[in-house]
file data-v8.txt (compact mmCIF, C-alpha atoms and all ligand atoms)
# COMPACT_ATOMS: atom_id res chain seq x y z
CA MET A 8 -47.56 -60.99 -27.55
CA ARG A 9 -46.90 -60.10 -23.94
CA TYR A 10 -43.50 -59.45 -22.44
CA SER A 11 -42.62 -59.87 -18.81
CA ARG A 12 -42.20 -56.63 -16.83
CA PRO A 13 -38.35 -56.49 -16.78
CA VAL A 14 -38.23 -56.98 -20.53
CA ARG A 15 -40.73 -54.15 -21.04
CA ILE A 16 -38.62 -51.83 -18.95
CA ILE A 17 -35.47 -52.65 -20.93
CA LEU A 18 -37.31 -52.15 -24.23
CA GLY A 19 -38.58 -48.81 -22.96
CA ILE A 20 -35.07 -47.65 -22.08
CA LEU A 21 -33.75 -48.76 -25.48
CA CYS A 22 -36.50 -46.82 -27.24
CA LEU A 23 -35.71 -43.71 -25.25
CA ALA A 24 -31.96 -44.05 -26.00
CA LEU A 25 -32.75 -44.40 -29.71
CA LEU A 26 -34.94 -41.31 -29.59
CA PHE A 27 -32.16 -39.28 -27.93
CA TRP A 28 -29.57 -40.45 -30.47
CA VAL A 29 -31.75 -39.55 -33.43
CA THR A 30 -32.60 -36.15 -31.96
CA ASP A 31 -28.92 -35.42 -31.25
CA ARG A 32 -27.87 -36.30 -34.82
CA TRP A 33 -30.59 -34.13 -36.27
CA TYR A 34 -29.64 -31.20 -34.04
CA ASN A 35 -25.93 -31.39 -34.91
CA ASN A 36 -26.61 -31.48 -38.61
CA SER A 37 -29.04 -28.63 -38.68
CA VAL A 38 -27.55 -26.14 -36.20
CA MET A 39 -25.04 -23.75 -37.70
CA SER A 40 -21.63 -23.91 -36.13
CA TYR A 41 -20.00 -20.74 -34.96
CA ASP A 42 -16.48 -19.58 -34.94
CA ILE A 43 -14.52 -16.85 -33.32
CA VAL A 44 -12.17 -14.59 -35.22
CA ASN A 45 -10.64 -11.67 -33.43
CA GLY A 46 -13.20 -12.00 -30.71
CA VAL A 47 -16.15 -11.56 -33.14
CA ILE A 48 -18.71 -14.30 -33.58
CA LYS A 49 -19.41 -15.15 -37.22
CA LYS A 50 -21.24 -17.82 -39.06
CA ASP A 51 -18.97 -20.62 -40.20
CA SER A 52 -20.60 -20.67 -43.57
CA GLY A 53 -17.55 -20.06 -45.71
CA GLU A 54 -18.46 -16.41 -46.17
CA LYS A 55 -15.76 -13.86 -45.84
CA PRO A 56 -15.83 -12.32 -42.39
CA THR A 57 -16.80 -8.69 -42.72
CA ASP A 58 -15.39 -7.42 -39.46
CA ILE A 59 -11.94 -8.98 -39.44
CA SER A 60 -10.22 -5.66 -40.01
CA ASP A 61 -11.18 -2.08 -39.31
CA SER A 62 -9.70 -0.79 -42.55
CA GLY A 63 -12.35 -2.45 -44.67
CA GLU A 64 -9.63 -3.99 -46.82
CA GLU A 65 -9.61 -7.66 -47.46
CA PRO A 66 -6.90 -9.32 -45.43
CA ALA A 67 -3.94 -10.27 -47.61
CA ASP A 68 -4.10 -13.97 -46.84
CA MET A 69 -7.71 -14.49 -47.84
CA SER A 70 -6.49 -16.51 -50.83
CA ASP A 71 -8.51 -18.23 -53.49
CA SER A 72 -7.38 -21.65 -52.39
CA GLY A 73 -10.57 -22.06 -50.43
CA GLU A 74 -8.61 -22.82 -47.33
CA ALA A 75 -9.20 -20.70 -44.35
CA PRO A 76 -6.23 -18.45 -43.60
CA GLU A 77 -3.83 -19.73 -40.99
CA GLU A 78 -4.92 -17.17 -38.49
CA GLU A 79 -8.50 -18.22 -38.86
CA GLN A 80 -7.68 -21.90 -38.54
CA GLU A 81 -5.90 -21.20 -35.32
CA ALA A 82 -8.63 -18.95 -34.12
CA SER A 83 -11.24 -21.61 -34.64
CA ALA A 84 -9.59 -23.63 -31.87
CA VAL A 85 -9.82 -20.75 -29.43
CA VAL A 86 -12.14 -21.37 -26.53
CA VAL A 87 -14.56 -18.56 -25.85
CA LYS A 88 -13.31 -16.82 -22.75
CA PRO A 89 -15.03 -14.10 -20.80
CA ALA A 90 -13.36 -10.72 -21.26
CA GLU A 91 -10.31 -10.48 -19.02
CA GLU A 92 -11.16 -8.81 -15.76
CA ALA A 93 -10.09 -5.21 -16.00
CA LYS A 94 -7.53 -4.15 -13.37
CA PRO A 95 -9.17 -1.75 -10.95
CA GLU A 96 -8.16 1.78 -11.76
CA ARG A 97 -5.69 3.31 -9.29
CA PRO A 98 -6.36 7.05 -9.00
CA GLU A 99 -3.05 7.49 -7.14
CA VAL A 100 -1.14 6.40 -10.25
CA LYS A 101 -2.83 9.12 -12.30
CA LYS A 102 -2.26 11.71 -9.62
CA ALA A 103 1.41 10.78 -9.28
CA ALA A 104 1.87 10.97 -13.06
CA GLU A 105 0.35 14.45 -13.10
CA LEU A 106 2.98 15.50 -10.57
CA GLY A 107 5.77 13.85 -12.55
CA LEU A 108 6.20 11.11 -9.94
CA PRO A 109 6.71 7.39 -10.60
CA GLU A 110 3.93 4.91 -9.87
CA PRO A 111 3.37 4.82 -6.10
CA PRO A 112 3.33 1.46 -4.28
CA GLU A 113 0.18 -0.64 -4.50
CA ILE A 114 -0.79 -0.60 -0.85
CA ASP A 115 -3.88 -0.48 1.33
CA ILE A 116 -3.66 3.11 2.48
CA ASN A 117 -6.01 2.34 5.37
CA GLU A 118 -3.46 0.10 7.08
CA TRP A 119 -2.24 1.14 10.51
CA GLN A 120 1.24 2.33 9.47
CA TYR A 121 -0.13 5.10 7.24
CA VAL A 122 -2.22 6.85 9.89
CA LEU A 123 -1.95 10.62 9.60
CA VAL A 124 -1.63 12.54 12.83
CA ASN A 125 -1.07 16.30 12.72
CA GLY A 126 -2.61 19.60 13.78
CA ASP A 127 -5.58 19.00 11.45
CA HIS A 128 -5.82 15.24 12.03
CA PRO A 129 -6.05 14.34 15.72
CA MET A 130 -5.86 10.74 16.88
CA ASP A 131 -9.11 8.82 16.61
CA PRO A 132 -10.26 8.45 19.32
CA ILE A 133 -8.50 11.50 20.67
CA ASP A 134 -7.28 9.57 23.73
CA TYR A 135 -6.10 6.63 21.58
CA GLU A 136 -3.62 4.19 23.10
CA PRO A 137 -1.64 1.55 21.16
CA SER A 138 -3.03 -1.91 21.88
CA GLU A 139 0.39 -3.26 22.81
CA LEU A 140 3.56 -1.43 23.73
CA ALA A 141 7.13 -2.63 23.59
CA TYR A 142 9.85 -1.41 25.95
CA LEU A 143 13.27 -0.95 24.39
CA ASN A 144 16.74 -0.34 25.76
CA MET A 145 17.44 3.34 25.08
CA THR A 146 21.04 3.01 23.90
CA GLY A 147 20.57 -0.19 21.93
CA ASP A 148 22.95 -2.06 24.24
CA ASP A 149 20.52 -4.90 24.44
CA THR A 150 18.10 -5.87 21.73
CA GLU A 151 15.41 -7.47 23.85
CA ILE A 152 11.87 -6.35 23.04
CA MET A 153 10.22 -6.33 26.46
CA THR A 154 6.46 -6.31 26.85
CA THR A 155 6.25 -5.33 30.52
CA PHE A 156 6.60 -1.76 31.73
CA ASP A 157 10.10 -0.65 32.62
CA PRO A 158 10.66 3.05 33.46
CA ASN A 159 14.25 2.82 32.20
CA ARG A 160 13.17 1.82 28.72
CA GLN A 161 11.55 3.66 25.82
CA MET A 162 8.00 2.80 24.72
CA VAL A 163 6.79 2.29 21.14
CA ASP A 164 3.92 0.41 19.49
CA ILE A 165 5.13 -3.19 19.46
CA ARG A 166 4.56 -3.40 15.68
CA ILE A 167 7.51 -1.07 15.01
CA ALA A 168 9.79 -2.48 17.71
CA GLN A 169 11.71 -4.98 15.57
CA PRO A 170 12.41 -2.63 12.62
CA LEU A 171 13.49 0.01 15.14
CA VAL A 172 15.84 -2.37 16.94
CA ASN A 173 17.30 -3.38 13.57
CA MET A 174 17.87 0.26 12.58
CA VAL A 175 19.47 1.11 15.92
CA GLN A 176 21.78 -1.90 15.70
CA ALA A 177 22.86 -0.95 12.19
CA CYS A 178 23.55 2.62 13.31
CA LYS A 179 25.63 1.36 16.22
CA ALA A 180 27.45 -1.03 13.91
CA ALA A 181 28.41 2.03 11.84
CA GLY A 182 30.16 3.30 14.98
CA LEU A 183 27.55 5.88 15.96
CA PRO A 184 26.00 6.26 19.41
CA VAL A 185 22.21 6.16 19.71
CA TYR A 186 19.76 7.40 22.27
CA LEU A 187 16.03 6.69 22.07
CA SER A 188 14.89 9.97 23.50
CA SER A 189 11.11 9.81 23.19
CA GLY A 190 8.68 7.25 21.82
CA TYR A 191 5.05 6.74 22.82
CA ARG A 192 3.43 9.55 24.78
CA SER A 193 -0.06 9.29 26.18
CA TYR A 194 -2.68 12.01 25.69
CA ALA A 195 -2.15 13.13 29.32
CA ILE A 196 1.65 13.30 28.98
CA GLN A 197 1.35 15.31 25.76
CA ALA A 198 -1.16 17.66 27.38
CA ALA A 199 1.40 18.33 30.14
CA ASN A 200 4.21 18.75 27.56
CA PHE A 201 2.14 21.22 25.58
CA GLU A 202 1.40 23.32 28.67
CA ARG A 203 5.04 23.35 29.72
CA VAL A 204 6.50 24.22 26.29
CA CYS A 205 3.87 26.91 25.69
CA TYR A 206 4.54 28.42 29.11
CA ASN A 207 8.32 28.38 28.61
CA ASN A 208 8.01 30.10 25.22
CA GLY A 209 5.32 32.57 26.15
CA ILE A 210 2.83 31.16 23.64
CA THR A 211 -0.60 29.53 23.88
CA ASP A 212 -1.05 27.72 20.55
CA GLY A 213 2.18 25.73 20.44
CA LYS A 214 3.41 27.63 17.35
CA ASN A 215 6.52 29.69 16.68
CA ALA A 216 6.65 33.07 14.93
CA GLU A 217 6.49 31.35 11.50
CA GLY A 218 3.27 29.65 12.48
CA ASN A 219 4.84 26.17 12.73
CA TYR A 220 4.22 23.92 15.71
CA ILE A 221 7.05 23.55 18.19
CA THR A 222 4.81 21.40 20.36
CA MET A 223 1.59 19.66 19.41
CA PRO A 224 -1.69 19.99 21.26
CA ALA A 225 -2.70 16.77 23.06
CA GLY A 226 -4.33 14.34 20.63
CA CYS A 227 -2.43 15.81 17.66
CA SER A 228 1.02 14.44 18.45
CA GLU A 229 2.29 11.55 16.37
CA HIS A 230 3.97 10.31 19.53
CA GLN A 231 0.55 9.27 20.83
CA SER A 232 0.32 6.75 17.98
CA GLY A 233 3.43 4.95 19.23
CA LEU A 234 4.64 4.80 15.60
CA CYS A 235 7.46 7.33 15.87
CA ILE A 236 10.62 7.88 17.85
CA ASP A 237 12.91 10.81 18.60
CA ILE A 238 16.48 9.62 18.25
CA THR A 239 19.52 11.62 19.29
CA ASP A 240 22.82 10.39 20.52
CA TYR A 241 23.67 9.75 24.11
CA TYR A 242 25.52 13.05 24.46
CA HIS A 243 22.91 15.37 22.97
CA GLU A 244 19.63 14.82 24.65
CA ILE A 245 18.39 18.34 24.10
CA LYS A 246 16.53 18.53 20.82
CA ASN A 247 17.46 21.63 18.87
CA ASP A 248 18.74 22.60 15.42
CA GLU A 249 22.31 21.57 16.32
CA LEU A 250 21.16 17.96 16.13
CA ALA A 251 20.97 18.21 12.35
CA GLN A 252 24.79 18.17 12.35
CA LEU A 253 25.03 14.99 14.42
CA PRO A 254 26.52 12.05 12.53
CA THR A 255 23.94 9.78 14.21
CA VAL A 256 20.89 11.60 12.87
CA GLN A 257 22.59 12.13 9.52
CA TRP A 258 23.21 8.39 9.26
CA LEU A 259 19.60 7.74 10.24
CA ALA A 260 18.23 10.18 7.67
CA GLU A 261 20.24 8.41 5.00
CA HIS A 262 19.36 4.84 5.98
CA CYS A 263 16.02 4.95 7.82
CA ALA A 264 13.96 4.06 4.73
CA ASP A 265 15.69 0.66 4.61
CA TYR A 266 14.00 -0.04 7.94
CA GLY A 267 10.62 1.47 7.05
CA PHE A 268 11.15 4.85 8.70
CA VAL A 269 11.06 8.39 7.32
CA LEU A 270 12.31 11.69 8.60
CA ARG A 271 8.91 13.12 9.41
CA PHE A 272 9.56 16.86 9.68
CA PRO A 273 12.30 17.93 7.24
CA TYR A 274 13.41 21.55 7.38
CA ASP A 275 12.42 22.18 3.78
CA LYS A 276 8.85 20.93 4.18
CA THR A 277 7.56 23.04 7.07
CA ASN A 278 5.12 24.73 4.68
CA ILE A 279 3.40 21.35 4.32
CA THR A 280 3.85 19.74 7.75
CA HIS A 281 3.39 23.00 9.69
CA VAL A 282 5.83 21.58 12.20
CA MET A 283 9.28 23.07 12.73
CA GLY A 284 12.17 21.09 11.28
CA GLU A 285 13.03 18.14 13.51
CA ALA A 286 16.16 16.24 12.52
CA TRP A 287 15.50 13.62 15.23
CA HIS A 288 11.88 12.59 14.70
CA PHE A 289 11.51 9.33 12.72
CA ARG A 290 8.17 7.83 11.80
CA TYR A 291 7.46 4.24 10.77
CA VAL A 292 5.47 3.84 7.53
CA GLY A 293 6.82 0.49 6.30
CA GLU A 294 9.57 -0.08 3.77
CA GLU A 295 7.55 0.34 0.56
CA ALA A 296 6.17 3.75 1.49
CA ALA A 297 9.39 4.89 3.17
CA LYS A 298 11.47 4.16 0.08
CA TYR A 299 9.01 5.85 -2.26
CA MET A 300 8.71 8.90 -0.02
CA THR A 301 12.46 9.22 0.45
CA GLU A 302 13.33 8.71 -3.21
CA ASN A 303 10.78 11.30 -4.26
CA ASN A 304 11.28 13.74 -1.40
CA LEU A 305 7.71 13.50 -0.12
CA VAL A 306 6.46 13.91 3.42
CA LEU A 307 3.58 11.82 4.72
CA GLU A 308 0.98 14.51 3.90
CA GLU A 309 2.14 14.58 0.25
CA PHE A 310 2.32 10.79 0.01
CA LEU A 311 -1.16 10.29 1.44
CA ALA A 312 -2.59 12.99 -0.86
CA LEU A 313 -1.66 10.76 -3.82
CA TYR A 314 -4.12 8.22 -2.40
CA GLY A 315 -6.80 10.83 -1.81
CA VAL A 316 -6.16 11.13 1.93
CA GLU A 317 -6.19 14.84 2.70
ZN ZN A 401 9.14 13.69 18.01

call {"tool": "encode", "arguments": {"input": "data-v8.txt", "output": "structure tokens"}}
result
Amino acid sequence: MRYSRPVRIILGILCLALLFWVTDRWYNNSVMSYDIVNGVIKKDSGEKPTDISDSGEEPADMSDSGEAPEEEQEASAVVVKPAEEAKPERPEVKKAAELGLPEPPEIDINEWQYVLVNGDHPMDPIDYEPSELAYLNMTGDDTEIMTTFDPNRQMVDIRIAQPLVNMVQACKAAGLPVYLSSGYRSYAIQAANFERVCYNNGITDGKNAEGNYITMPAGCSEHQSGLCIDITDYYHEIKNDELAQLPTVQWLAEHCADYGFVLRFPYDKTNITHVMGEAWHFRYVGEEAAKYMTENNLVLEEFLALYGVE
């Protein structure tokens, strides 16, 4: 008996479908099903799981009723999941704990606001210039952030301009006068500063008798980063130890962390910064770091060391 071609094709497909169905049934009946209890694969053969507890004791609810314990029934519905991705270890947390400090903020320590500039860490490149400067009114009488050069304004990296304006306005609102005395300084300006201060003090290395810098060699001044600012008040432009008594700088020391700034060279940390105490020099590090550093009395060198930056 001969069938037409379409009929043969349909019969062929039906035979194949039948073959698949039979094979599938056979497979399901013969393959052992598996179950998961406490993350361990075991045969679902009614045998008592041997690795359900470490103590070797039989779990209390393995009753004689023949029913699987509740826990096991629940567990059998659990979908096999890959092990949860382990959180990357944070060495800074361990280091902080060793020093009795709370967990430091989870930050990318390579971001721009954490750059370390000191006598041992010059700018990179040494003649670095901020990519964009902002020009701010020195007494905070206007809050405009200008982007074109104005010799009557103070320069900072534009990325810290808004937090700085906010801090200055808050200080003024507290009734205290403000004067932005010195912000960004180029390599050339710092080189000239260094020469002048060394000459005036009869020194060549920029250091006082205690071995702390009173002026930084060109390339090693944080001012070249544009991320810091010397703030005095309008009536005390000369920066000396008397400034520590000024209500303006005292207010700033107390509140600067709220705006992402820290007092960079405290008097009690000269053994770490190797810079004389400067009550007027504020450095932007962002709010998270500033709050952690201030609450735990850390300077930037100590903070960065937690993250392995030495
Ligand atoms: Zn300064």

call {"tool": "residues_around", "arguments": {"input": "data-v8.txt", "residues": "Thr150 in chain A", "least_positions_apart": "4", "cutoff": "8 Å", "atoms": "all atoms listed in the file", "output": "PyMOL selection string"}}
result
chain A and resi 143-144+172

call {"tool": "residues_around", "arguments": {"input": "data-v8.txt", "residues": "Ser138 in chain A", "least_positions_apart": "6", "cutoff": "10 Å", "atoms": "all atoms listed in the file", "output": "PDB file with C-alpha atoms, keeping the file's coordinate frame"}}
result
ATOM      1  CA  ASP A 164       3.920   0.410  19.490  1.00  0.00           C
ATOM      2  CA  ILE A 165       5.130  -3.190  19.460  1.00  0.00           C
ATOM      3  CA  ARG A 166       4.560  -3.400  15.680  1.00  0.00           C
ATOM      4  CA  GLY A 233       3.430   4.950  19.230  1.00  0.00           C
TER       5      GLY A 233
END

call {"tool": "closest_residue", "arguments": {"input": "data-v8.txt", "among": "A:Ala93, A:Leu234, A:Leu171, A:Leu259", "to": "ligand ZN 401 (chain A)", "atoms": "only C-alpha atoms and all ligand atoms"}}
result
A:Leu234

call {"tool": "residues_near_ligand", "arguments": {"input": "data-v8.txt", "ligand": "ligand ZN 401 (chain A)", "cutoff": "7 Å", "atoms": "only C-alpha atoms and all ligand atoms", "output": "PyMOL selection string"}}
result
chain A and resi 189+230+235-237+287-288

call {"tool": "closest_atom_pairs", "arguments": {"input": "data-v8.txt", "of": "range 231-283 of chain A", "to": "range 298-314 of chain A", "cutoff": "10 Å", "atoms": "only C-alpha atoms", "output": "JSON lines"}}
result
{"residue": "A:Ala260", "atom": "CA", "partner": "A:Thr301", "partner_atom": "CA", "distance": 9.3}
{"residue": "A:Glu261", "atom": "CA", "partner": "A:Thr301", "partner_atom": "CA", "distance": 9.0}
{"residue": "A:His262", "atom": "CA", "partner": "A:Thr301", "partner_atom": "CA", "distance": 9.9}
{"residue": "A:Cys263", "atom": "CA", "partner": "A:Lys298", "partner_atom": "CA", "distance": 9.0}
{"residue": "A:Ala264", "atom": "CA", "partner": "A:Lys298", "partner_atom": "CA", "distance": 5.3}
{"residue": "A:Asp265", "atom": "CA", "partner": "A:Lys298", "partner_atom": "CA", "distance": 7.1}
{"residue": "A:Tyr266", "atom": "CA", "partner": "A:Lys298", "partner_atom": "CA", "distance": 9.3}
{"residue": "A:Gly267", "atom": "CA", "partner": "A:Lys298", "partner_atom": "CA", "distance": 7.5}
{"residue": "A:Phe268", "atom": "CA", "partner": "A:Lys298", "partner_atom": "CA", "distance": 8.7}
{"residue": "A:Val269", "atom": "CA", "partner": "A:Thr301", "partner_atom": "CA", "distance": 7.1}
{"residue": "A:Leu270", "atom": "CA", "partner": "A:Val306", "partner_atom": "CA", "distance": 8.1}
{"residue": "A:Arg271", "atom": "CA", "partner": "A:Val306", "partner_atom": "CA", "distance": 6.5}
{"residue": "A:Phe272", "atom": "CA", "partner": "A:Val306", "partner_atom": "CA", "distance": 7.6}
{"residue": "A:Pro273", "atom": "CA", "partner": "A:Val306", "partner_atom": "CA", "distance": 8.1}
{"residue": "A:Asp275", "atom": "CA", "partner": "A:Asn304", "partner_atom": "CA", "distance": 10.0}
{"residue": "A:Lys276", "atom": "CA", "partner": "A:Val306", "partner_atom": "CA", "distance": 7.5}
{"residue": "A:Thr277", "atom": "CA", "partner": "A:Val306", "partner_atom": "CA", "distance": 9.9}
{"residue": "A:Ile279", "atom": "CA", "partner": "A:Glu308", "partner_atom": "CA", "distance": 7.3}
{"residue": "A:Thr280", "atom": "CA", "partner": "A:Glu308", "partner_atom": "CA", "distance": 7.1}

call {"tool": "closest_residue", "arguments": {"input": "data-v8.txt", "among": "A:Glu99, A:Glu317, A:Asp248, A:Glu139", "to": "Glu113 in chain A", "atoms": "all atoms listed in the file"}}
result
A:Glu99

call {"tool": "atom_distance", "arguments": {"input": "data-v8.txt", "atom1": "CA of Asn117 in chain A", "atom2": "CA of Glu229 in chain A"}}
result
16.6 Å

call {"tool": "atom_distance", "arguments": {"input": "data-v8.txt", "atom1": "CA of Ile196 in chain A", "atom2": "CA of Tyr242 in chain A"}}
result
24.3 Å

call {"tool": "atom_distance", "arguments": {"input": "data-v8.txt", "atom1": "CA of Gly147 in chain A", "atom2": "CA of Ser193 in chain A"}}
result
23.1 Å

call {"tool": "closest_residue", "arguments": {"input": "data-v8.txt", "among": "A:Ala180, A:Leu108, A:Leu123, A:Ile210", "to": "Asp148 in chain A", "atoms": "only C-alpha atoms"}}
result
A:Ala180

call {"tool": "residues_around", "arguments": {"input": "data-v8.txt", "residues": "Val282 in chain A", "least_positions_apart": "4", "cutoff": "10 Å", "atoms": "all atoms listed in the file", "output": "PDB file with C-alpha atoms, keeping the file's coordinate frame"}}
result
ATOM      1  CA  ASN A 125      -1.070  16.300  12.720  1.00  0.00           C
ATOM      2  CA  GLY A 126      -2.610  19.600  13.780  1.00  0.00           C
ATOM      3  CA  GLY A 213       2.180  25.730  20.440  1.00  0.00           C
ATOM      4  CA  LYS A 214       3.410  27.630  17.350  1.00  0.00           C
ATOM      5  CA  ASN A 215       6.520  29.690  16.680  1.00  0.00           C
ATOM      6  CA  GLU A 217       6.490  31.350  11.500  1.00  0.00           C
ATOM      7  CA  GLY A 218       3.270  29.650  12.480  1.00  0.00           C
ATOM      8  CA  ASN A 219       4.840  26.170  12.730  1.00  0.00           C
ATOM      9  CA  TYR A 220       4.220  23.920  15.710  1.00  0.00           C
ATOM     10  CA  ILE A 221       7.050  23.550  18.190  1.00  0.00           C
ATOM     11  CA  THR A 222       4.810  21.400  20.360  1.00  0.00           C
ATOM     12  CA  MET A 223       1.590  19.660  19.410  1.00  0.00           C
ATOM     13  CA  ARG A 271       8.910  13.120   9.410  1.00  0.00           C
ATOM     14  CA  PHE A 272       9.560  16.860   9.680  1.00  0.00           C
ATOM     15  CA  PRO A 273      12.300  17.930   7.240  1.00  0.00           C
ATOM     16  CA  TYR A 274      13.410  21.550   7.380  1.00  0.00           C
ATOM     17  CA  LYS A 276       8.850  20.930   4.180  1.00  0.00           C
ATOM     18  CA  THR A 277       7.560  23.040   7.070  1.00  0.00           C
ATOM     19  CA  ASN A 278       5.120  24.730   4.680  1.00  0.00           C
TER      20      ASN A 278
END

call {"tool": "residues_near_point", "arguments": {"input": "data-v8.txt", "point": "(-2.8, 14.4, 20.9)", "cutoff": "8 Å", "atoms": "only C-alpha atoms", "output": "ChimeraX atom specification"}}
result
/A:129-130,133-134,193-194,197-198,223-229,231

call {"tool": "write_last_selection", "arguments": {"input": "data-v8.txt", "atoms": "C-alpha atoms", "output": "tab-separated table (two decimals), in the frame of the given file"}}
result
chain	number	residue	atom	x	y	z
A	129	PRO	CA	-6.05	14.34	15.72
A	130	MET	CA	-5.86	10.74	16.88
A	133	ILE	CA	-8.50	11.50	20.67
A	134	ASP	CA	-7.28	9.57	23.73
A	193	SER	CA	-0.06	9.29	26.18
A	194	TYR	CA	-2.68	12.01	25.69
A	197	GLN	CA	1.35	15.31	25.76
A	198	ALA	CA	-1.16	17.66	27.38
A	223	MET	CA	1.59	19.66	19.41
A	224	PRO	CA	-1.69	19.99	21.26
A	225	ALA	CA	-2.70	16.77	23.06
A	226	GLY	CA	-4.33	14.34	20.63
A	227	CYS	CA	-2.43	15.81	17.66
A	228	SER	CA	1.02	14.44	18.45
A	229	GLU	CA	2.29	11.55	16.37
A	231	GLN	CA	0.55	9.27	20.83

call {"tool": "closest_residue", "arguments": {"input": "data-v8.txt", "among": "A:Trp119, A:Phe201, A:Tyr191, A:Tyr186", "to": "Tyr142 in chain A", "atoms": "all atoms listed in the file"}}
result
A:Tyr191

call {"tool": "residues_around", "arguments": {"input": "data-v8.txt", "residues": "Met145 in chain A", "least_positions_apart": "6", "cutoff": "6 Å", "atoms": "all atoms listed in the file", "output": "PyMOL selection string"}}
result
chain A and resi 160-161+186-187

call {"tool": "closest_residue", "arguments": {"input": "data-v8.txt", "among": "A:Ala168, A:Ala141, A:Asp240, A:Pro132", "to": "Thr155 in chain A", "atoms": "all atoms listed in the file"}}
result
A:Ala141
